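Visitor: Pasting in a structure now, in structure tokens, and then I'll have a few things to ask.
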Amino acid sequence: MSVAPDPTREVDLARVLTELRDQVSEVRFVLDMPGVEDARAAQLEIKSQLDDYVLPRIRGKSAPMLVVLGGSTGAGKSTLVNTLVGSRVSATGVLRPTTSSPILVCHPDHAEWFLKGPLLPDMGRVPGPAPDAIAGDQLVIISSDQLPEGLALLDSPDFDSVFEDHYEFATKLMSAADLWLCVTTAARYADAQVWQMLQRAREQGATIGVVLSRVPQGAGSEVVDHFGEMLEQQGVGEARRFTIPETRIENSRLPEEAVEDIRSWLLELSENIERRSKVIRDTFGGVLDSFRVRVPELAKQVEAQVEVRTVLREEVEAAYATAMAELDEATRNGSLLRGEVLARWQDFAGTGDLLRSLRVQRGRSGHRSSKRRRAPARLRALKGALRAGLESLILASAEHAAEEVLARWRAHPAGGQILAGPAGALSGVSPELPRRVTRAVSSWQDHVLELIRTEGVTKRSVAKLVTFDEEALSLVLMIGLLGYGTTDVTVEGGTSAVPQRLLKALFGAESLRGMGAKARADLRSRIGMLFDEEAIRYGQALDAAGIPDETAAVQLYQATYNLEVAR
């Protein structure tokens with residue numbers, strides 16, 4: 001048997017399947033949301049089938065055809081295995097479930113491969129014979145020269161067992177089968193779990209056979225016909241069907257004539273190289289075909305997690321965008337210029353310090369003293385008050401944005417889950433924000449001063465008469481930018497319009513608009529950077545939670561495409 005005759009293509013296929021396994025394994029379904037449990041189960045099934053069957057089958061091209069017998073409790077799987085082998089290799093009895101550990105029977109020449117080979121790598125292996133009381137997830141390997149070299153039989157635990165781990169073993173072993181033989185009884189064939197397992201086997205690409213056992217004499221034909229109708233209705237009508245009548249059991253075995261059809265079919269498949277290869281190829285190809293649907297469905301579940309991550313990230317962006325808009329308004333409408341800032345401005349403008357910063361030129365035009373003068377105390381106080389007021393406004397806006405993010409996240413189920421974890425430590429602004437705000441506001445004030453120095457070209461008519469103190473004028477520009485003199489700000493003392501009149505008189509409207517736009521854009525940029533740095537904390541919380549990003553789903557889709565190309 002050769003799954004892929006071309007050696008180069010076989011290597012490529014193995015590489016692509018390994019990459020697919022890695023991509024599937026790396027997916028994390030962190031958020032508890034509708035469908036997530038099914039997604040986690042599907043992820044585990046795909047990974048397990050790649051590890052347990054697909055990759056081992058590529059590497060074990062000459063291994064026998066593995067027939068896994070699965071079924072409901074008391075269906076007679078172990079009895080059927082014992083009969084086909086010709087000796088009691090699997091325990092039977094009235095105590096249910098009887099088979100606790102899976103029993104694999106193969107020809108002696110292949111026992112070593114099953115004991116040490118790549119099939120079902122996560123399961124332990126022990127050589128048989130197996131005692132009646134063996135339990136656990138050990139795969140018991142029993143040699144029998146009654147089986148041909150091309151055939152191995154595996155008696156799996158009952159899939160409807162009261163023990164949950166038995167069901168897990170049964171589904172795991174079913175996914176590793178070249179041929180899955182479902183064994184049920186005339187009394188229990190209509191059980192929902194029988195059809196769930198058949199449907200699951202079909203979706204996962206298995207070649208399926210069905211055995212209806214303990215069929216009563218007389219009315220048995222009606223049962224068989226109804227069972228066949230249900231197979232057709234459930235989409236597994238192509239499965240090979242067998243019946244075993246209600247009969248005596250001696251030494252844990254059925255009469256030979258009761259299993260004659262099953263034995264002949266299995267022997268024909270195993271001893272005919274072409275037919276055996278076709279079964280293996282069909283199952284292998286069916287599994288790969290199933291990945292066309294199963295992996296993209298997994299990717300859609302990843303996208304659902306990514307979508308929630310995007311929503312949570314947008315909540316952060318919206319909160320800080322709102323804070324930025326409010327801050328924009330607060331730095332335009334003059335609301336900042338109250339209290340301490342207003343008092344310092346009135347002190348500076350009303351006592352003559354502002355006018356003294358404008359000096360009538362004497363002597364040569366444009367002459368200025370080379371001696372650097374110390375800024376008046378009122379000027380320094382105004383600058384400090386303005387800086388402190390702006391810092392407080394920015395910090396308050398950042399604090400409000402942080403509170404808004406946490407409120408929005410708590411209102412979202414996924415956000416609440418994130419905050420219940422390590423991200424629960426998020427609260428308020430980051431400890432280093434006050435220091436960064438102080439530095440940003442100070443840098444902005446320096447930027448405005450530099451604008452006055454480099455772009456503050458006074459009107460030619462004014463320049464012939466006066467010169468001015470650049471630092472004082474930069475503060476006047478800041479006062480004007482922050483809304484001083486707007487119609488909705490009432491200022492006592494008649495000085496509300498001083499900044500606008502003075503600036504227009506010195507620079508002209510056009511030059512003033514240019515400097516004002518640059519100064520405001522610079523302030524907004526600096527605040528935006530502060531807010532961006534604050535918002536990063538929430539993105540880091542999403543990263544730390546392990547929620548997949550947009551690339552995870554893309555990689556799954558790409559892996560599916562690569563598999564199609566490699567095939």
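In the structure tokens, chains take the letters A, B, ... in the order shown, each chain's residues start at 1, and ligands count up from 1 in the order shown.
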DSSP on the backbone, strand (DSSP E or B) only: what residues of region 149-341 of chain A does that give? Format it as number ranges by chain.

Guide: A: 151-155, 179-185, 207-215, 240-245, 250, 253

Visitor: May I have all residues of region 58-90 of chain A that DSSP, computed from the backbone, assigns to helix (DSSP H, G or I), given as a list in words?

Guide: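 Reading the DSSP output for region 58-90 of chain A, helix (DSSP H, G or I) covers Ile58, Arg59, Lys77, Ser78, Thr79, Leu80, Val81, Asn82, Thr83, Leu84 and Val85 of chain A.
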
Visitor: Could you write out the selected residues, including all heavy atoms, as a CSV table (one decimal), in the first residue's frame?

Guide:
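Once written, out-v2.csv looks like this:
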```csv
chain,number,residue,atom,x,y,z
A,58,ILE,N,0.9,8.0,7.2
A,58,ILE,CA,1.9,8.4,6.1
A,58,ILE,C,3.2,7.7,6.4
A,58,ILE,O,3.9,7.2,5.5
A,58,ILE,CB,2.1,9.9,6.1
A,58,ILE,CG1,0.9,10.6,5.6
A,58,ILE,CG2,3.3,10.3,5.3
A,58,ILE,CD1,1.0,12.1,5.5
A,59,ARG,N,3.6,7.6,7.7
A,59,ARG,CA,4.9,7.0,8.0
A,59,ARG,C,4.8,5.5,8.0
A,59,ARG,O,5.8,4.8,7.9
A,59,ARG,CB,5.4,7.5,9.4
A,59,ARG,CG,5.7,9.0,9.4
A,59,ARG,CD,6.4,9.4,10.6
A,59,ARG,NE,5.6,9.4,11.8
A,59,ARG,CZ,4.9,10.5,12.2
A,59,ARG,NH1,5.0,11.6,11.6
A,59,ARG,NH2,4.2,10.4,13.3
A,77,LYS,N,-19.1,-6.6,21.0
A,77,LYS,CA,-17.9,-6.3,20.3
A,77,LYS,C,-16.8,-7.3,20.7
A,77,LYS,O,-16.1,-7.9,19.8
A,77,LYS,CB,-17.4,-4.9,20.6
A,77,LYS,CG,-18.3,-3.8,20.2
A,77,LYS,CD,-17.7,-2.5,20.4
A,77,LYS,CE,-17.8,-2.1,21.9
A,77,LYS,NZ,-16.8,-2.7,22.8
A,78,SER,N,-16.6,-7.5,22.0
A,78,SER,CA,-15.5,-8.4,22.5
A,78,SER,C,-15.8,-9.8,22.0
A,78,SER,O,-14.8,-10.5,21.6
A,78,SER,CB,-15.4,-8.3,24.0
A,78,SER,OG,-15.1,-7.0,24.4
A,79,THR,N,-17.0,-10.2,22.1
A,79,THR,CA,-17.3,-11.6,21.7
A,79,THR,C,-17.0,-11.8,20.2
A,79,THR,O,-16.5,-12.8,19.8
A,79,THR,CB,-18.8,-11.9,21.9
A,79,THR,OG1,-19.1,-11.7,23.3
A,79,THR,CG2,-19.2,-13.3,21.5
A,80,LEU,N,-17.3,-10.7,19.4
A,80,LEU,CA,-17.1,-10.8,17.9
A,80,LEU,C,-15.6,-10.8,17.7
A,80,LEU,O,-15.1,-11.6,16.8
A,80,LEU,CB,-17.7,-9.6,17.3
A,80,LEU,CG,-17.5,-9.4,15.7
A,80,LEU,CD1,-18.0,-10.7,15.0
A,80,LEU,CD2,-18.1,-8.2,15.2
A,81,VAL,N,-14.8,-10.1,18.4
A,81,VAL,CA,-13.3,-10.1,18.3
A,81,VAL,C,-12.8,-11.5,18.6
A,81,VAL,O,-12.0,-12.0,17.9
A,81,VAL,CB,-12.7,-9.0,19.1
A,81,VAL,CG1,-11.1,-9.2,19.2
A,81,VAL,CG2,-13.0,-7.6,18.6
A,82,ASN,N,-13.2,-12.0,19.8
A,82,ASN,CA,-12.8,-13.3,20.2
A,82,ASN,C,-13.1,-14.4,19.1
A,82,ASN,O,-12.3,-15.3,18.8
A,82,ASN,CB,-13.5,-13.7,21.5
A,82,ASN,CG,-13.0,-12.9,22.6
A,82,ASN,OD1,-11.9,-12.3,22.6
A,82,ASN,ND2,-13.8,-12.8,23.7
A,83,THR,N,-14.3,-14.3,18.5
A,83,THR,CA,-14.7,-15.2,17.5
A,83,THR,C,-13.8,-15.1,16.2
A,83,THR,O,-13.4,-16.1,15.6
A,83,THR,CB,-16.2,-15.0,17.1
A,83,THR,OG1,-17.0,-15.1,18.3
A,83,THR,CG2,-16.7,-16.1,16.2
A,84,LEU,N,-13.6,-13.9,15.8
A,84,LEU,CA,-12.8,-13.7,14.6
A,84,LEU,C,-11.3,-14.1,14.8
A,84,LEU,O,-10.7,-14.6,13.9
A,84,LEU,CB,-12.8,-12.2,14.2
A,84,LEU,CG,-14.2,-11.7,13.7
A,84,LEU,CD1,-14.1,-10.1,13.6
A,84,LEU,CD2,-14.6,-12.3,12.4
A,85,VAL,N,-10.8,-13.9,16.0
A,85,VAL,CA,-9.4,-14.3,16.3
A,85,VAL,C,-9.4,-15.8,16.6
A,85,VAL,O,-8.3,-16.5,16.3
A,85,VAL,CB,-8.9,-13.5,17.5
A,85,VAL,CG1,-7.5,-14.0,17.9
A,85,VAL,CG2,-8.9,-12.1,17.2
```

Visitor: May I have the residues within 12 Å of Glu268 (chain A) as a list in words, using only C-alpha atoms and disregarding those fewer than 6 positions away in the same chain?

Guide: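 Result of the neighbour search: Met65, Pro148, Gly150, Leu151, Asp261, Ile262, Glu274, Arg275, Arg276, Ser277 and Val279 of chain A.
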
Visitor: Could you check which of A:Ala559, A:Ala177, A:Ala414, A:Met515 is closest to Thr310 (chain A), using only C-alpha atoms?

Guide: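 Closest candidate: A:Ala414.
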
Visitor: Expressed in Å to a single decimal, how great is the separation between CA of Ile142 (chain A) and CA of Pro121 (chain A)?

Guide: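 These two atoms are separated by 17.7 Å.
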
Visitor: Measure the distance from CA of Leu393 (chain A) to CA of Pro434 (chain A) in Å and round it to one decimal.

Guide: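 Straight-line distance from CA of Leu393 (chain A) to CA of Pro434 (chain A) works out to 11.3 Å.
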
Visitor: Residues at most 12 Å from Gln196 (chain A), counting only C-alpha atoms, excluding those fewer than 5 positions away in the same chain, as an MDAnalysis selection string?

Guide: chainID A and resid 71:72 159:160 171 182 189:191 201:203 231 234:236

Visitor: Measuring between only C-alpha atoms, which one of A:Ser143, A:Asn562, A:Ser175, A:Gln138 shows the shortest distance to Gln204 (chain A)?

Guide: A:Ser175

Visitor: Do a neighbour search on region 17-32 of chain A at 7 Å with only C-alpha atoms, toss out local chain neighbours closer than 5 positions, and write the hits as number ranges by chain.

Guide: A: 40, 43, 47, 50, 305, 414, 546-548, 552, 555-556, 559, 563

Visitor: Which residues, written as a ChimeraX atom specification, have at least one atom at most 12 Å from Thr207 (chain A), with only C-alpha atoms counted and residues fewer than 5 positions away on the same chain left out?

Guide: /A:65-68,174-182,198-202,236-240,276,278-287

Visitor: Set the distance at 9 Å and use only C-alpha atoms: which residues neighbour region 374-385 of chain A once local chain neighbours fewer than 3 positions away are removed? I'd like the list as a list in words.

Guide: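 What passes the distance filter is Glu340, Val341, Leu342, Ala343, Arg344, Trp345, Asp347, Phe348, Asp353, Leu354, Ala388, Gly389, Leu390, Gln445, Glu471, Ala472 and Leu475 of chain A.
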
Visitor: Produce a file of the selected residues containing N, CA and C atoms, as a PDB file, in the first residue's frame.

Guide:
```pdb
ATOM      1  N   GLU A 340      -7.164  79.703  39.423  1.00  0.00           N
ATOM      2  CA  GLU A 340      -5.773  80.145  39.553  1.00  0.00           C
ATOM      3  C   GLU A 340      -5.249  80.759  38.266  1.00  0.00           C
ATOM      4  N   VAL A 341      -5.565  80.125  37.129  1.00  0.00           N
ATOM      5  CA  VAL A 341      -5.076  80.651  35.850  1.00  0.00           C
ATOM      6  C   VAL A 341      -5.655  82.037  35.597  1.00  0.00           C
ATOM      7  N   LEU A 342      -6.949  82.196  35.829  1.00  0.00           N
ATOM      8  CA  LEU A 342      -7.583  83.505  35.621  1.00  0.00           C
ATOM      9  C   LEU A 342      -6.974  84.558  36.531  1.00  0.00           C
ATOM     10  N   ALA A 343      -6.776  84.204  37.789  1.00  0.00           N
ATOM     11  CA  ALA A 343      -6.198  85.167  38.740  1.00  0.00           C
ATOM     12  C   ALA A 343      -4.801  85.590  38.310  1.00  0.00           C
ATOM     13  N   ARG A 344      -4.011  84.638  37.867  1.00  0.00           N
ATOM     14  CA  ARG A 344      -2.644  84.967  37.446  1.00  0.00           C
ATOM     15  C   ARG A 344      -2.641  85.810  36.176  1.00  0.00           C
ATOM     16  N   TRP A 345      -3.583  85.519  35.273  1.00  0.00           N
ATOM     17  CA  TRP A 345      -3.638  86.325  34.046  1.00  0.00           C
ATOM     18  C   TRP A 345      -4.041  87.775  34.363  1.00  0.00           C
ATOM     19  N   ASP A 347      -3.673  89.332  37.091  1.00  0.00           N
ATOM     20  CA  ASP A 347      -2.558  89.948  37.814  1.00  0.00           C
ATOM     21  C   ASP A 347      -1.487  90.405  36.833  1.00  0.00           C
ATOM     22  N   PHE A 348      -1.231  89.546  35.828  1.00  0.00           N
ATOM     23  CA  PHE A 348      -0.181  89.862  34.850  1.00  0.00           C
ATOM     24  C   PHE A 348      -0.624  90.977  33.908  1.00  0.00           C
ATOM     25  N   ASP A 353       2.475  94.483  33.683  1.00  0.00           N
ATOM     26  CA  ASP A 353       3.569  93.603  33.218  1.00  0.00           C
ATOM     27  C   ASP A 353       3.395  93.240  31.748  1.00  0.00           C
ATOM     28  N   LEU A 354       2.144  93.059  31.316  1.00  0.00           N
ATOM     29  CA  LEU A 354       1.916  92.721  29.919  1.00  0.00           C
ATOM     30  C   LEU A 354       2.357  93.864  29.018  1.00  0.00           C
ATOM     31  N   ALA A 388       0.022  73.937  35.187  1.00  0.00           N
ATOM     32  CA  ALA A 388      -0.654  73.088  36.170  1.00  0.00           C
ATOM     33  C   ALA A 388      -2.114  72.851  35.782  1.00  0.00           C
ATOM     34  N   GLY A 389      -2.785  73.887  35.287  1.00  0.00           N
ATOM     35  CA  GLY A 389      -4.181  73.727  34.890  1.00  0.00           C
ATOM     36  C   GLY A 389      -4.344  72.769  33.729  1.00  0.00           C
ATOM     37  N   LEU A 390      -3.440  72.889  32.761  1.00  0.00           N
ATOM     38  CA  LEU A 390      -3.506  72.003  31.595  1.00  0.00           C
ATOM     39  C   LEU A 390      -3.183  70.563  32.000  1.00  0.00           C
ATOM     40  N   GLN A 445       4.735  74.059  25.787  1.00  0.00           N
ATOM     41  CA  GLN A 445       5.001  75.477  26.048  1.00  0.00           C
ATOM     42  C   GLN A 445       6.293  75.917  25.356  1.00  0.00           C
ATOM     43  N   GLU A 471       8.806  85.321  25.480  1.00  0.00           N
ATOM     44  CA  GLU A 471       8.180  84.394  26.416  1.00  0.00           C
ATOM     45  C   GLU A 471       6.823  84.916  26.851  1.00  0.00           C
ATOM     46  N   ALA A 472       6.725  86.218  27.088  1.00  0.00           N
ATOM     47  CA  ALA A 472       5.444  86.795  27.479  1.00  0.00           C
ATOM     48  C   ALA A 472       4.430  86.630  26.354  1.00  0.00           C
ATOM     49  N   LEU A 475       3.003  83.167  26.058  1.00  0.00           N
ATOM     50  CA  LEU A 475       1.939  82.910  27.023  1.00  0.00           C
ATOM     51  C   LEU A 475       0.635  83.563  26.584  1.00  0.00           C
TER      52      LEU A 475
END
```

Visitor: Using only C-alpha atoms, which residue out of A:Pro129, A:Pro245, A:Gly428, A:Pro64 lies closest to Leu267 (chain A)?

Guide: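 Checking each candidate against Leu267 (chain A), we get A:Pro64 as the closest.
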
Visitor: By how many Å are CA of Gln540 (chain A) and CA of Leu523 (chain A) apart?

Guide: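 Computing it gives 26.3 Å between the two atoms.
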